[in-house]
Structures are given as structure tokens and as C-alpha cells.
>>> print(open('final23.txt').read())   # compact mmCIF, C-alpha atoms
# COMPACT_ATOMS: atom_id res chain seq x y z
CA MET D 1 -38.91 4.83 -68.86
CA PRO D 2 -39.55 4.21 -65.12
CA ASN D 3 -39.92 0.44 -65.78
CA ILE D 4 -36.61 0.31 -67.69
CA SER D 5 -34.87 2.22 -64.86
CA TRP D 6 -36.18 -0.12 -62.18
CA SER D 7 -35.27 -3.26 -64.12
CA LYS D 8 -31.73 -1.95 -64.77
CA THR D 9 -31.31 -1.14 -61.08
CA LEU D 10 -32.41 -4.64 -60.07
CA ARG D 11 -30.08 -6.29 -62.62
CA ASP D 12 -27.14 -4.20 -61.38
CA TYR D 13 -27.93 -5.10 -57.77
CA LEU D 14 -28.13 -8.84 -58.56
CA GLN D 15 -24.89 -8.68 -60.51
CA LYS D 16 -23.20 -6.91 -57.58
CA LYS D 17 -24.38 -9.61 -55.16
CA GLU D 18 -23.08 -12.30 -57.53
CA ASN D 19 -19.68 -10.60 -57.69
CA GLN D 20 -19.56 -10.39 -53.87
CA LYS D 21 -20.36 -14.13 -53.61
CA THR D 22 -17.59 -14.92 -56.07
CA ALA D 23 -15.08 -12.77 -54.14
CA PHE D 24 -16.21 -14.32 -50.84
CA SER D 25 -15.86 -17.87 -52.20
CA GLU D 26 -12.39 -17.01 -53.53
CA ASP D 27 -11.41 -15.68 -50.11
CA ASN D 28 -12.77 -18.83 -48.43
CA GLU D 29 -10.91 -21.03 -50.88
CA GLU D 30 -7.70 -19.12 -50.19
CA LEU D 31 -8.24 -19.41 -46.41
CA GLU D 32 -8.88 -23.16 -46.69
CA ILE D 33 -5.69 -23.68 -48.71
CA PHE D 34 -3.69 -21.64 -46.16
CA SER D 35 -5.24 -23.52 -43.20
CA GLY D 36 -4.46 -26.86 -44.81
CA LEU D 37 -0.83 -25.94 -45.45
CA TYR D 38 -0.46 -24.48 -41.91
CA LYS D 39 -1.88 -27.64 -40.26
CA LYS D 40 0.40 -29.80 -42.38
CA PHE D 41 3.40 -27.67 -41.42
CA LYS D 42 2.51 -27.85 -37.72
CA GLY D 43 1.67 -31.56 -37.86
CA LEU D 44 -1.96 -30.95 -36.82
CA LYS D 45 -4.94 -33.11 -37.73
CA SER D 46 -7.25 -31.90 -40.49
CA ASP D 47 -10.18 -31.48 -38.03
CA HIS D 48 -8.08 -29.46 -35.51
CA ILE D 49 -9.82 -26.37 -34.10
CA ASN D 50 -7.76 -23.56 -32.64
CA VAL D 51 -9.03 -22.80 -29.11
CA PRO D 52 -7.69 -19.59 -27.48
CA SER D 53 -5.39 -20.23 -24.51
CA LEU D 54 -6.77 -19.34 -21.07
CA TYR D 55 -3.27 -18.80 -19.67
CA SER D 56 -0.14 -17.42 -21.26
CA LYS D 57 3.03 -17.66 -19.23
CA LEU D 58 5.29 -14.65 -18.97
CA PRO D 59 8.23 -14.62 -21.39
CA SER D 60 11.51 -15.69 -19.81
CA GLU D 61 14.86 -13.91 -19.99
CA ASP D 62 15.77 -16.30 -22.81
CA GLU D 63 13.08 -14.68 -24.97
CA PRO D 64 14.30 -11.06 -25.31
CA LEU D 65 12.06 -10.30 -28.28
CA LEU D 66 8.88 -11.31 -26.42
CA LEU D 67 10.06 -9.41 -23.34
CA LYS D 68 10.62 -6.26 -25.40
CA LEU D 69 7.25 -6.68 -27.12
CA ARG D 70 5.48 -7.03 -23.77
CA GLU D 71 7.33 -4.02 -22.34
CA GLU D 72 6.49 -1.80 -25.33
CA SER D 73 2.82 -2.85 -25.41
CA ARG D 74 2.46 -2.11 -21.68
CA ALA D 75 4.12 1.28 -22.10
CA LEU D 76 1.74 2.16 -24.96
CA PHE D 77 -1.24 0.99 -22.92
CA LEU D 78 -0.21 3.13 -19.94
CA GLN D 79 0.40 6.14 -22.20
CA ARG D 80 -3.09 5.75 -23.64
CA ARG D 81 -4.59 5.54 -20.15
CA SER D 82 -2.59 8.60 -19.13
CA ARG D 83 -4.00 10.61 -22.06
CA GLU D 84 -7.53 9.74 -20.88
CA LEU D 85 -6.94 11.59 -17.60
CA LEU D 86 -7.84 15.24 -17.05
CA ASP D 87 -4.91 17.63 -17.27
CA ASN D 88 -4.58 20.92 -15.33
CA ASP D 89 -6.30 23.01 -18.01
CA GLU D 90 -9.25 20.62 -18.15
CA LEU D 91 -9.53 20.63 -14.36
CA GLN D 92 -9.54 24.43 -14.34
CA ARG D 93 -12.27 24.44 -16.99
CA LEU D 94 -14.30 21.96 -14.93
CA TRP D 95 -14.08 24.24 -11.90
CA PHE D 96 -15.13 27.23 -14.04
CA LEU D 97 -18.21 25.32 -15.24
CA LEU D 98 -19.14 24.20 -11.72
CA ASP D 99 -18.83 27.78 -10.52
CA LYS D 100 -20.84 29.07 -13.47
CA HIS D 101 -23.72 26.61 -13.01
CA HIS D 102 -23.86 26.41 -9.22
CA THR D 103 -27.37 26.50 -7.78
CA HIS D 104 -28.46 29.31 -5.46
CA PRO D 105 -28.76 29.86 -2.51
CA LEU D 106 -25.43 29.21 -0.79
CA TYR D 107 -25.30 26.63 2.00
CA GLY D 108 -23.38 28.57 4.63
CA ASP D 109 -20.29 29.69 2.70
CA GLU D 110 -20.38 26.78 0.24
CA GLN D 111 -21.56 26.83 -3.34
CA MET D 112 -23.99 24.00 -4.10
CA ILE D 113 -25.33 22.38 -7.25
CA ASN D 114 -28.53 20.41 -7.88
CA TYR D 115 -28.84 17.40 -10.18
CA ASP D 116 -30.24 19.32 -13.17
CA ASP D 117 -27.35 21.79 -13.13
CA PHE D 118 -25.00 18.87 -12.48
CA LEU D 119 -26.13 17.37 -15.81
CA LYS D 120 -25.68 20.74 -17.54
CA VAL D 121 -22.03 20.77 -16.45
CA GLN D 122 -21.67 17.19 -17.70
CA ARG D 123 -22.85 18.15 -21.19
CA GLU D 124 -20.48 21.12 -21.38
CA ALA D 125 -17.46 19.47 -19.71
CA GLY D 126 -16.78 16.96 -22.47
CA GLN D 127 -16.29 13.23 -22.85
CA LYS D 128 -13.28 12.89 -20.53
CA CYS D 129 -15.32 14.21 -17.60
CA LYS D 130 -18.32 11.96 -18.25
CA PRO D 131 -17.28 9.12 -15.86
CA PHE D 132 -17.41 11.56 -12.91
CA PHE D 133 -20.95 12.75 -13.65
CA GLN D 134 -22.80 9.60 -12.60
CA ALA D 135 -25.98 9.56 -10.54
CA SER D 136 -24.23 7.24 -8.08
CA VAL D 137 -21.48 9.84 -7.52
CA PHE D 138 -24.06 12.57 -6.92
CA CYS D 139 -25.86 10.36 -4.38
CA LYS D 140 -22.62 9.53 -2.54
CA LEU D 141 -21.87 13.23 -2.05
CA LEU D 142 -25.44 14.11 -1.08
CA GLN D 143 -25.63 15.19 2.57
CA ASN D 144 -28.10 17.30 4.56
CA ASP D 145 -28.91 20.06 2.08
CA PRO D 146 -32.68 20.76 2.22
CA PHE D 147 -32.75 21.34 -1.56
CA GLY D 148 -31.07 18.02 -2.43
CA ARG D 149 -27.85 19.60 -3.67
CA ILE D 150 -24.17 18.70 -3.29
CA SER D 151 -21.16 20.92 -2.59
CA ILE D 152 -19.24 21.79 -5.75
CA MET D 153 -16.03 21.90 -3.68
CA GLN D 154 -16.59 18.33 -2.42
CA PHE D 155 -17.33 17.14 -5.93
CA PHE D 156 -14.25 18.86 -7.35
CA ASN D 157 -12.08 17.34 -4.59
CA TYR D 158 -13.57 13.94 -5.45
CA VAL D 159 -12.57 14.42 -9.10
CA MET D 160 -9.08 15.60 -8.10
CA ARG D 161 -8.60 12.58 -5.83
CA LYS D 162 -9.72 10.17 -8.56
CA VAL D 163 -7.40 11.75 -11.11
CA TRP D 164 -4.51 11.63 -8.62
CA LEU D 165 -5.16 7.95 -7.86
CA HIS D 166 -5.19 7.08 -11.56
CA GLN D 167 -2.02 9.10 -12.20
CA THR D 168 -0.26 7.42 -9.29
CA ARG D 169 -1.46 4.00 -10.39
CA ILE D 170 -0.05 4.59 -13.86
CA GLY D 171 3.21 5.94 -12.37
CA LEU D 172 3.64 2.88 -10.14
CA SER D 173 2.69 0.51 -12.97
CA LEU D 174 5.62 1.83 -15.01
CA TYR D 175 7.90 0.20 -12.42
CA ASP D 176 5.97 -3.08 -12.43
CA VAL D 177 8.45 -4.99 -14.59
CA ALA D 178 6.41 -8.22 -14.65
CA GLY D 179 3.15 -6.39 -15.36
CA GLN D 180 1.27 -8.44 -12.75
CA GLY D 181 0.04 -5.60 -10.51
CA TYR D 182 2.81 -6.09 -7.93
CA LEU D 183 5.98 -4.22 -7.03
CA LYS D 184 9.06 -6.04 -5.80
CA GLU D 185 11.45 -4.35 -3.38
CA SER D 186 13.81 -3.29 -6.18
CA ASP D 187 10.86 -1.84 -8.17
CA LEU D 188 9.71 0.29 -5.23
CA GLU D 189 13.29 1.38 -4.53
CA ASN D 190 13.60 2.68 -8.10
CA TYR D 191 10.26 4.51 -7.81
CA ILE D 192 11.21 6.31 -4.58
CA LEU D 193 14.75 7.07 -5.78
CA GLU D 194 13.39 8.86 -8.85
CA LEU D 195 10.75 10.59 -6.69
CA ILE D 196 13.30 12.22 -4.34
CA PRO D 197 14.17 15.20 -6.64
CA THR D 198 10.45 16.10 -6.89
CA LEU D 199 10.06 16.44 -3.08
CA PRO D 200 11.26 19.88 -1.85
CA GLN D 201 11.43 18.72 1.77
CA LEU D 202 14.20 16.29 0.79
CA ASN D 203 16.34 18.86 -1.02
CA GLY D 204 18.73 19.02 1.93
CA LEU D 205 19.64 15.34 1.78
CA GLU D 206 23.14 14.57 0.56
CA ARG D 207 23.29 12.27 -2.45
CA SER D 208 25.44 9.82 -0.46
CA PHE D 209 22.48 9.34 1.93
CA TYR D 210 19.97 8.54 -0.85
CA SER D 211 20.47 4.77 -0.64
CA PHE D 212 19.86 4.79 3.14
CA TYR D 213 16.82 7.04 2.73
CA VAL D 214 15.33 4.77 0.05
CA CYS D 215 15.92 1.71 2.24
CA THR D 216 14.25 3.47 5.21
CA ALA D 217 11.21 4.45 3.13
CA VAL D 218 10.79 1.10 1.38
CA ARG D 219 10.96 -0.88 4.62
CA LYS D 220 7.83 0.82 5.96
CA PHE D 221 5.87 -0.20 2.87
CA PHE D 222 7.05 -3.80 3.08
CA PHE D 223 6.77 -4.11 6.86
CA PHE D 224 3.10 -3.14 6.88
CA LEU D 225 1.92 -4.29 3.44
CA ASP D 226 3.89 -7.54 3.21
CA PRO D 227 3.78 -9.03 6.74
CA LEU D 228 4.10 -12.58 5.35
CA ARG D 229 7.35 -11.53 3.61
CA SER D 230 6.41 -12.66 0.12
CA GLY D 231 8.79 -10.06 -1.35
CA LYS D 232 6.14 -8.14 -3.30
CA ILE D 233 3.29 -5.69 -2.65
CA ARG D 234 0.12 -5.17 -4.65
CA ILE D 235 -0.06 -1.73 -6.27
CA GLN D 236 -3.69 -1.64 -5.15
CA ASP D 237 -2.58 -1.97 -1.49
CA ILE D 238 -0.03 0.84 -1.92
CA LEU D 239 -2.78 3.13 -3.21
CA ALA D 240 -5.22 2.12 -0.48
CA CYS D 241 -2.87 2.86 2.44
CA SER D 242 -1.88 6.32 3.65
CA PHE D 243 1.89 5.87 3.22
CA LEU D 244 1.97 7.32 -0.28
CA ASP D 245 0.06 10.37 0.98
CA ASP D 246 2.66 10.79 3.74
CA LEU D 247 5.48 10.52 1.21
CA LEU D 248 3.96 12.98 -1.26
CA GLU D 249 3.19 15.36 1.62
CA LEU D 250 6.88 16.25 1.39
CA ARG D 251 6.04 18.28 -1.73
CA ASP D 252 4.74 20.97 0.64
CA GLU D 253 7.59 23.46 1.08
CA GLU D 254 5.93 24.93 4.19
CA LEU D 255 5.42 21.64 6.06
CA SER D 256 5.70 22.33 9.80
CA LYS D 257 8.49 20.90 11.95
CA GLU D 258 5.97 18.91 14.00
CA MET D 259 4.49 17.34 10.85
CA GLN D 260 7.96 16.43 9.60
CA GLU D 261 8.94 14.78 12.87
CA SER D 262 5.79 12.63 12.88
CA ASN D 263 6.25 11.63 9.22
CA TRP D 264 8.42 8.52 8.81
CA PHE D 265 9.39 9.59 5.28
CA SER D 266 10.65 13.06 6.19
CA ALA D 267 14.35 13.91 6.18
CA PRO D 268 14.52 14.55 9.99
CA SER D 269 12.83 11.19 10.69
CA ALA D 270 15.11 9.23 8.33
CA LEU D 271 18.19 10.94 9.76
CA ARG D 272 16.99 10.23 13.33
CA VAL D 273 16.57 6.49 12.66
CA TYR D 274 19.89 6.22 10.82
CA GLY D 275 21.63 8.30 13.51
CA GLN D 276 20.35 5.94 16.21
CA TYR D 277 21.71 3.00 14.24
CA LEU D 278 25.16 4.62 13.98
CA ASN D 279 25.14 5.45 17.71
CA LEU D 280 24.36 1.83 18.59
CA ASP D 281 27.13 0.55 16.30
CA ARG D 282 30.03 1.03 18.71
CA ASP D 283 32.61 -0.99 16.78
CA ARG D 284 31.72 0.87 13.55
CA ASN D 285 31.47 -2.28 11.43
CA GLY D 286 28.10 -1.29 9.96
CA MET D 287 26.28 -4.08 11.82
CA LEU D 288 24.70 -4.46 15.27
CA SER D 289 25.52 -7.24 17.70
CA LYS D 290 23.13 -8.32 20.46
CA GLU D 291 25.14 -6.29 23.01
CA GLU D 292 24.91 -3.18 20.82
CA LEU D 293 21.16 -3.58 20.22
CA ALA D 294 20.67 -3.94 23.98
CA ARG D 295 21.25 -0.16 24.24
CA TYR D 296 18.18 0.54 22.07
CA GLY D 297 15.61 2.93 23.58
CA THR D 298 15.97 3.09 27.37
CA GLY D 299 18.37 0.15 27.37
CA THR D 300 15.99 -2.04 29.41
CA LEU D 301 15.07 -4.75 26.90
CA THR D 302 15.61 -8.19 28.44
CA ASP D 303 18.40 -10.53 27.33
CA VAL D 304 15.89 -13.31 26.67
CA PHE D 305 13.94 -11.14 24.25
CA LEU D 306 17.12 -9.97 22.49
CA ASP D 307 18.28 -13.59 22.13
CA ARG D 308 14.98 -14.43 20.43
CA VAL D 309 15.27 -11.40 18.13
CA PHE D 310 18.61 -12.65 16.83
CA GLN D 311 17.26 -16.20 16.53
CA GLU D 312 14.21 -15.24 14.48
CA CYS D 313 15.43 -12.29 12.41
CA LEU D 314 17.80 -12.37 9.46
CA THR D 315 21.38 -11.82 10.64
CA TYR D 316 24.84 -12.06 9.12
CA GLU D 317 27.28 -14.03 11.27
CA GLY D 318 25.17 -13.19 14.30
CA GLU D 319 24.88 -9.45 13.60
CA MET D 320 21.99 -7.33 12.34
CA ASP D 321 22.16 -5.10 9.26
CA TYR D 322 20.33 -1.80 8.74
CA LYS D 323 17.37 -3.33 6.88
CA THR D 324 16.68 -5.83 9.68
CA TYR D 325 17.11 -3.04 12.23
CA LEU D 326 14.44 -0.99 10.43
CA ASP D 327 11.94 -3.84 10.79
CA PHE D 328 12.79 -4.00 14.48
CA VAL D 329 12.29 -0.24 14.94
CA LEU D 330 8.98 -0.26 13.04
CA ALA D 331 7.72 -3.08 15.26
CA MET D 332 8.81 -1.41 18.48
CA GLU D 333 7.43 2.02 17.54
CA ASN D 334 4.06 0.71 16.27
CA ARG D 335 3.18 -2.01 18.78
CA ARG D 336 -0.55 -1.34 18.52
CA GLU D 337 -0.58 -2.26 14.82
CA PRO D 338 -1.43 -5.86 13.79
CA GLN D 339 1.70 -6.12 11.61
CA ALA D 340 3.94 -5.11 14.54
CA LEU D 341 2.17 -7.55 16.85
CA ARG D 342 2.68 -10.30 14.24
CA TYR D 343 6.42 -9.53 14.19
CA LEU D 344 6.70 -9.53 18.02
CA PHE D 345 4.44 -12.56 18.44
CA ARG D 346 6.78 -14.56 16.19
CA ILE D 347 9.61 -13.71 18.59
CA LEU D 348 7.59 -14.59 21.71
CA ASP D 349 6.30 -17.86 20.22
CA VAL D 350 9.41 -19.83 21.25
CA HIS D 351 8.16 -23.24 20.05
CA HIS D 352 6.41 -21.95 16.90
CA GLU D 353 3.10 -23.36 18.11
CA GLY D 354 0.94 -20.39 17.13
CA PHE D 355 0.05 -19.53 20.73
CA LEU D 356 1.55 -18.35 24.03
CA ASN D 357 0.86 -20.37 27.17
CA VAL D 358 1.81 -20.11 30.84
CA PHE D 359 5.24 -21.60 30.14
CA THR D 360 5.99 -18.98 27.47
CA LEU D 361 4.86 -16.07 29.62
CA ASN D 362 6.91 -17.34 32.56
CA PHE D 363 9.97 -17.84 30.30
CA PHE D 364 9.97 -14.16 29.31
CA PHE D 365 8.81 -12.72 32.64
CA ARG D 366 11.63 -14.42 34.58
CA ALA D 367 14.02 -12.06 32.79
CA ILE D 368 11.95 -9.08 34.01
CA GLN D 369 12.13 -10.43 37.58
CA GLU D 370 15.90 -10.85 37.32
CA GLN D 371 16.34 -7.25 36.13
CA MET D 372 14.16 -6.01 39.00
CA GLN D 373 16.42 -7.78 41.49
CA ILE D 374 19.52 -6.27 39.83
CA HIS D 375 18.01 -2.79 40.25
CA GLY D 376 17.10 -3.49 43.90
CA GLN D 377 13.36 -3.74 43.29
CA GLU D 378 11.13 -6.37 44.84
CA PRO D 379 10.12 -8.83 42.08
CA ILE D 380 6.46 -9.20 41.25
CA LYS D 381 5.00 -12.73 41.47
CA PHE D 382 4.54 -14.32 38.05
CA GLN D 383 1.12 -15.73 38.92
CA ASP D 384 -0.23 -12.21 39.49
CA VAL D 385 1.06 -11.05 36.11
CA ASN D 386 -0.20 -14.20 34.38
CA ASP D 387 -3.72 -13.72 35.78
CA GLU D 388 -3.73 -10.05 34.78
CA VAL D 389 -2.61 -10.82 31.23
CA PHE D 390 -5.34 -13.41 30.69
CA ASP D 391 -7.93 -11.08 32.26
CA MET D 392 -6.87 -8.29 29.89
CA VAL D 393 -6.93 -10.36 26.72
CA LYS D 394 -9.85 -12.72 27.50
CA PRO D 395 -8.70 -15.34 24.95
CA SER D 396 -11.11 -17.76 23.32
CA ASN D 397 -9.08 -20.61 24.89
CA PRO D 398 -8.50 -19.86 28.63
CA TYR D 399 -5.06 -21.53 28.52
CA LYS D 400 -3.63 -20.07 25.31
CA LEU D 401 -3.04 -16.61 23.84
CA THR D 402 -3.09 -16.46 20.03
CA LEU D 403 -2.10 -13.56 17.79
CA ASN D 404 -5.78 -12.98 16.94
CA ASP D 405 -6.60 -12.82 20.66
CA LEU D 406 -3.99 -10.10 21.18
CA ILE D 407 -5.18 -8.08 18.18
CA ARG D 408 -8.89 -8.44 19.01
CA SER D 409 -8.45 -7.46 22.66
CA GLY D 410 -6.73 -4.17 21.83
CA LYS D 411 -4.27 -4.91 24.67
CA GLY D 412 -1.64 -6.73 22.63
CA ASP D 413 0.86 -3.87 22.86
CA THR D 414 0.56 -3.81 26.67
CA VAL D 415 1.03 -7.59 27.00
CA VAL D 416 4.10 -7.58 24.76
CA SER D 417 5.64 -4.53 26.46
CA ILE D 418 5.46 -5.92 30.00
CA LEU D 419 7.13 -9.15 28.87
CA ILE D 420 10.13 -7.68 27.03
CA ASP D 421 11.05 -4.31 28.59
CA LEU D 422 11.66 -3.58 32.29
CA ASN D 423 10.94 0.14 31.86
CA ASP D 424 7.59 -0.58 30.16
CA PHE D 425 6.68 -3.07 32.89
CA TRP D 426 7.54 -0.54 35.60
CA THR D 427 5.47 2.13 33.81
CA TYR D 428 2.51 -0.27 33.59
CA GLU D 429 2.78 -1.26 37.27
CA ASN D 430 2.88 2.38 38.38
CA ARG D 431 0.32 3.73 35.90
CA GLU D 432 -2.01 4.86 38.65
CA PHE D 433 0.68 7.05 40.20
CA LEU D 434 1.93 8.40 36.86
CA VAL D 435 -1.52 9.60 35.70
CA PRO D 436 -2.29 13.01 37.27
CA ASP D 437 -5.25 13.09 39.64
CA LEU D 438 -7.76 15.12 37.62
CA SER D 439 -10.08 15.44 40.64
CA ASP D 440 -7.52 17.71 42.33
CA GLU D 441 -7.53 20.06 39.34
CA VAL D 442 -11.32 20.43 39.20
>>> encode(input="final23.txt", output="C-alpha cells")
Amino acid sequence: MPNISWSKTLRDYLQKKENQKTAFSEDNEELEIFSGLYKKFKGLKSDHINVPSLYSKLPSEDEPLLLKLREESRALFLQRRSRELLDNDELQRLWFLLDKHHTHPLYGDEQMINYDDFLKVQREAGQKCKPFFQASVFCKLLQNDPFGRISIMQFFNYVMRKVWLHQTRIGLSLYDVAGQGYLKESDLENYILELIPTLPQLNGLERSFYSFYVCTAVRKFFFFLDPLRSGKIRIQDILACSFLDDLLELRDEELSKEMQESNWFSAPSALRVYGQYLNLDRDRNGMLSKEELARYGTGTLTDVFLDRVFQECLTYEGEMDYKTYLDFVLAMENRREPQALRYLFRILDVHHEGFLNVFTLNFFFRAIQEQMQIHGQEPIKFQDVNDEVFDMVKPSNPYKLTLNDLIRSGKGDTVVSILIDLNDFWTYENREFLVPDLSDEV
């Protein structure tokens, strides 16, 4: 009986293999017939091999079906990535587990956790939390604890920050129409416009002001993150800078007045900038002429500098619109920043040579000397100023100042200020008298 059973089993197995071979050969025959017909239809040679394309161009507006397919597939992909993130309930459960498994004793007032308990939490927290429970993460958060533990609060904040970054990345990607990891100006405008109702600090803004607020907010992103004016910003750069944090800070209903005033994205700040623009616009045509812009700040910007602003910046029939004005304000209020220095250097570089020389400095400083004479002050000799500027910057070439020289020296804002604004030059010249003598107070 056992021999008969074994032989029957073997025969059945061999028959099954034979059937599989037959089915496989039939499938192959069918595939060969289809391939032959397809190649004939496409006009391909019989020995043609299909090699996957390394580059696929984006569908054009003339291909609405492909555009819709790409849009839907991206939306599904982003939804799937969104579902992989921890929600509020899962974050609360993670905190409960960290609190439950924290390792005694306390470090000051902080609860700590060692690596063994860290792994216990990993096992109980579930699959979605697994990426956060890496040895590398534990080592990054390790500080001076004598027992080799990390703070559970620091770890939880790390998880929260990661989740927030991923959520924000997904949110921004929804506005990336091309799906290339960049946002154009119109994309970012749509994002901020739809964000306004979620920010309590902006509840007081009138709907008619929304377009001006969005323009004010977007210009800061593009001024600092797109200094070469390519017209697009990488989503990665938006996440890496602090501007999004400043914008989302407006969710805090108890944000202090001082914090609001120092935040470019706050309602008081946006209204201040727009109010200044309206005050400068004397003829109420919605644009600024050179004469109107001359009243900016203390009203002591030189005519030569203002002429260069209107030569280099985008104007409409010789007048400046609000968007161009915002770039100007951002440059003037942030002169220490490389992006602002790049903007101002372009204006000072009269011949577009990539450097400032003695001629350039003298060209701009003559206007300062003329204003000093008008105000009854004794003009300062140019040679003294020229020597001081080159001593401050210490350029790599002793006869030329480049943008990199100004940025590297840390004195770029001072150099620019004393060449374009009489009030700033006077402040610099009298800095020793304006600084209080601390020795008298001691």
C-alpha cells in the first residue's frame, strides 16, 4: 500500500508539472503572437527590444487626459503619504507609552528613557512609529546624562517636528501643479490665501485687503529664496527656512504685540508696509514715482541712488508698483542679509562689471557731499571715506569690492548705507558720540 501511494503521488506531481509547462508554452506563444502584431502595427523591426525611457517630458496643455491622469496619480500618492503620518490620537498614545516606560531617576525635572526602554516603546507603539525609533535618532538626542538616557520630551518634540514637516511638505506639494518640487508665485499665493482663515491673528483683516496681504507675504519668500529671480522656489527651501514658522506662528491667539510687530507676516506689519506705500503715493494713482519714493524712511536717500533704483528695478512708465516696492523695503530693512546686499549691489554696480571700484564709490558719494552742503555741513573728503571702506572690507583685490567681499566682511550693510543715505552716513560718522560712555555709568 505505501509503495502504491508513493508512486501515485509521483505520477500526479509529474502530470501537474507537464500541465504547467503546457500552459506556460501556450502563454509564451500568445505573447509572441501579440508582440509580432504590435511590432508590425508600430513599424518596428522584429529584433526590437523595448528599453524603458530615462526621461519623460511633462504633458502639455494640449494633452488634457495625460494632465488629468498625472494630477490624479499625484493626489493619490500624497493621500497615501498623508495616511502614513501619525494623527493626534497616535501621538497621544506615543506620549502615554513614553511616560509609562520612562527610566528612573529623573534628570532634574525631566523624565528620561534608556535604550532598552526606548526599544520597548518601539515594540508597543506600532509600525507607523518605527521610523522614529532608530539608534541614530537616540544617539542624536543623547546629551550629558550619566546613565546614557535621553529626554522623553526632547524625543517627543523631535517626532512632532518631523510629523509637522511631512504634513507641511504634503500640503505644499498639493499646490505644486507641475509636480517638480517647486512652487511658482501663483502656487504660493494660492497656498497662503487658503491659509488665511486658519490663522486667528489675521481674523481682523478685511477681505478686500487679502490680495495685498498675500502679495506682501509671498514677496518675502521670493525675495530671500529666489534672489536670482527664476520665478520659482524649491519646496525643500521653504521648509528649511524659518518663514513658514513665522507665518504659522499667527495661529497663536495670545501672540504678544511685540512679537506681532517683529513678524513680517502679521496683520500689523502688513498694514504698516501697505500704509507707508499709500502715504508715499501722493497723487493716488497706485504707483510711486521717483519723487514720491524719495520720501521713504527719513527722506535722505540720494537722488543718484534713487535714479539707479528706477533704472534697475521693474517699473511701469517710470513708476514703481506695490510688488517692486516690497522688494525695495525688504532690501532696505534687511541690509545685513546676503539677499538684500545682492539687491543693493546690483543697483550700485553701475556698469554691471561685478565689482565696485574707486570710480563707483566716488559716483555715489558725491551725492552725499552735495546733500551735506545743502544742509550747511562741511563735506567729508572722498579719499578718507574710500580708504575707510577698503579698510573695513579688506577685499581680495585691493582695487575692487565684489559682492562676496561685502558679505564675507560682515560690513556690507555699513558700506552700502554710507553711500546711499545722508542720515545713515551722518550716524556712522558720529557713532562715537551717539554711543553712551559706559565708563561714566560704572
>>> closest_residue(input="final23.txt", among="D:Phe77, D:Trp6, D:Phe265, D:Phe147", to="Leu174 (chain D)", atoms="all atoms listed in the file")
D:Phe77
>>> closest_residue(input="final23.txt", among="D:Ser7, D:Asn362, D:Asn334, D:Gln373", to="Trp264 (chain D)", atoms="only C-alpha atoms")
D:Asn334
>>> closest_residue(input="final23.txt", among="D:Leu31, D:Val415, D:Val177, D:Ile113", to="Met153 (chain D)", atoms="all atoms listed in the file")
D:Ile113
>>> residues_around(input="final23.txt", residues="Leu119 (chain D)", least_positions_apart="4", cutoff="12 Å", atoms="all atoms listed in the file", output="PyMOL selection string")
chain D and resi 97-98+101-102+113-115+123-126+129-130+132-135+138
>>> closest_residue(input="final23.txt", among="D:Met332, D:Leu91, D:Leu326, D:Leu406", to="Asn157 (chain D)", atoms="all atoms listed in the file")
D:Leu91
>>> atom_distance(input="final23.txt", atom1="CA of Arg336 (chain D)", atom2="CA of Met320 (chain D)")
24.1 Å
>>> atom_distance(input="final23.txt", atom1="CA of Ala75 (chain D)", atom2="CA of Leu247 (chain D)")
25.1 Å
>>> residues_around(input="final23.txt", residues="Phe212 (chain D)", least_positions_apart="3", cutoff="9 Å", atoms="all atoms listed in the file", output="VMD selection string")
chain D and resid 208 to 209 215 to 217 270 274 322
>>> write_last_selection(input="final23.txt", atoms="C-alpha atoms", output="PDB file, in the coordinates of the input")
ATOM      1  CA  SER D 208      25.440   9.820  -0.460  1.00  0.00           C
ATOM      2  CA  PHE D 209      22.480   9.340   1.930  1.00  0.00           C
ATOM      3  CA  CYS D 215      15.920   1.710   2.240  1.00  0.00           C
ATOM      4  CA  THR D 216      14.250   3.470   5.210  1.00  0.00           C
ATOM      5  CA  ALA D 217      11.210   4.450   3.130  1.00  0.00           C
ATOM      6  CA  ALA D 270      15.110   9.230   8.330  1.00  0.00           C
ATOM      7  CA  TYR D 274      19.890   6.220  10.820  1.00  0.00           C
ATOM      8  CA  TYR D 322      20.330  -1.800   8.740  1.00  0.00           C
TER       9      TYR D 322
END
>>> residues_around(input="final23.txt", residues="Gly297 (chain D)", least_positions_apart="4", cutoff="10 Å", atoms="all atoms listed in the file", output="VMD selection string")
chain D and resid 276 293 301 329 332 421 423
>>> write_last_selection(input="final23.txt", atoms="C-alpha atoms", output="CSV table (one decimal), in the coordinates of the input")
chain,number,residue,atom,x,y,z
D,276,GLN,CA,20.4,5.9,16.2
D,293,LEU,CA,21.2,-3.6,20.2
D,301,LEU,CA,15.1,-4.8,26.9
D,329,VAL,CA,12.3,-0.2,14.9
D,332,MET,CA,8.8,-1.4,18.5
D,421,ASP,CA,11.0,-4.3,28.6
D,423,ASN,CA,10.9,0.1,31.9
>>> atom_distance(input="final23.txt", atom1="CA of Thr302 (chain D)", atom2="CA of Lys411 (chain D)")
20.5 Å
>>> closest_residue(input="final23.txt", among="D:Asp226, D:Leu85, D:Glu253, D:Glu258", to="Arg161 (chain D)", atoms="only C-alpha atoms")
D:Leu85
>>> closest_residue(input="final23.txt", among="D:Phe390, D:Tyr325, D:Tyr38, D:Tyr343", to="Glu312 (chain D)", atoms="all atoms listed in the file")
D:Tyr343
>>> residues_around(input="final23.txt", residues="region 313-319 of chain D", least_positions_apart="3", cutoff="8 Å", atoms="only C-alpha atoms", output="list in words")
Met287, Leu288, Ser289, Lys290, Val309, Phe310 and Thr324 of chain D
>>> residues_around(input="final23.txt", residues="Phe365 (chain D)", least_positions_apart="4", cutoff="7 Å", atoms="all atoms listed in the file", output="ChimeraX atom specification")
/D:361,369,419
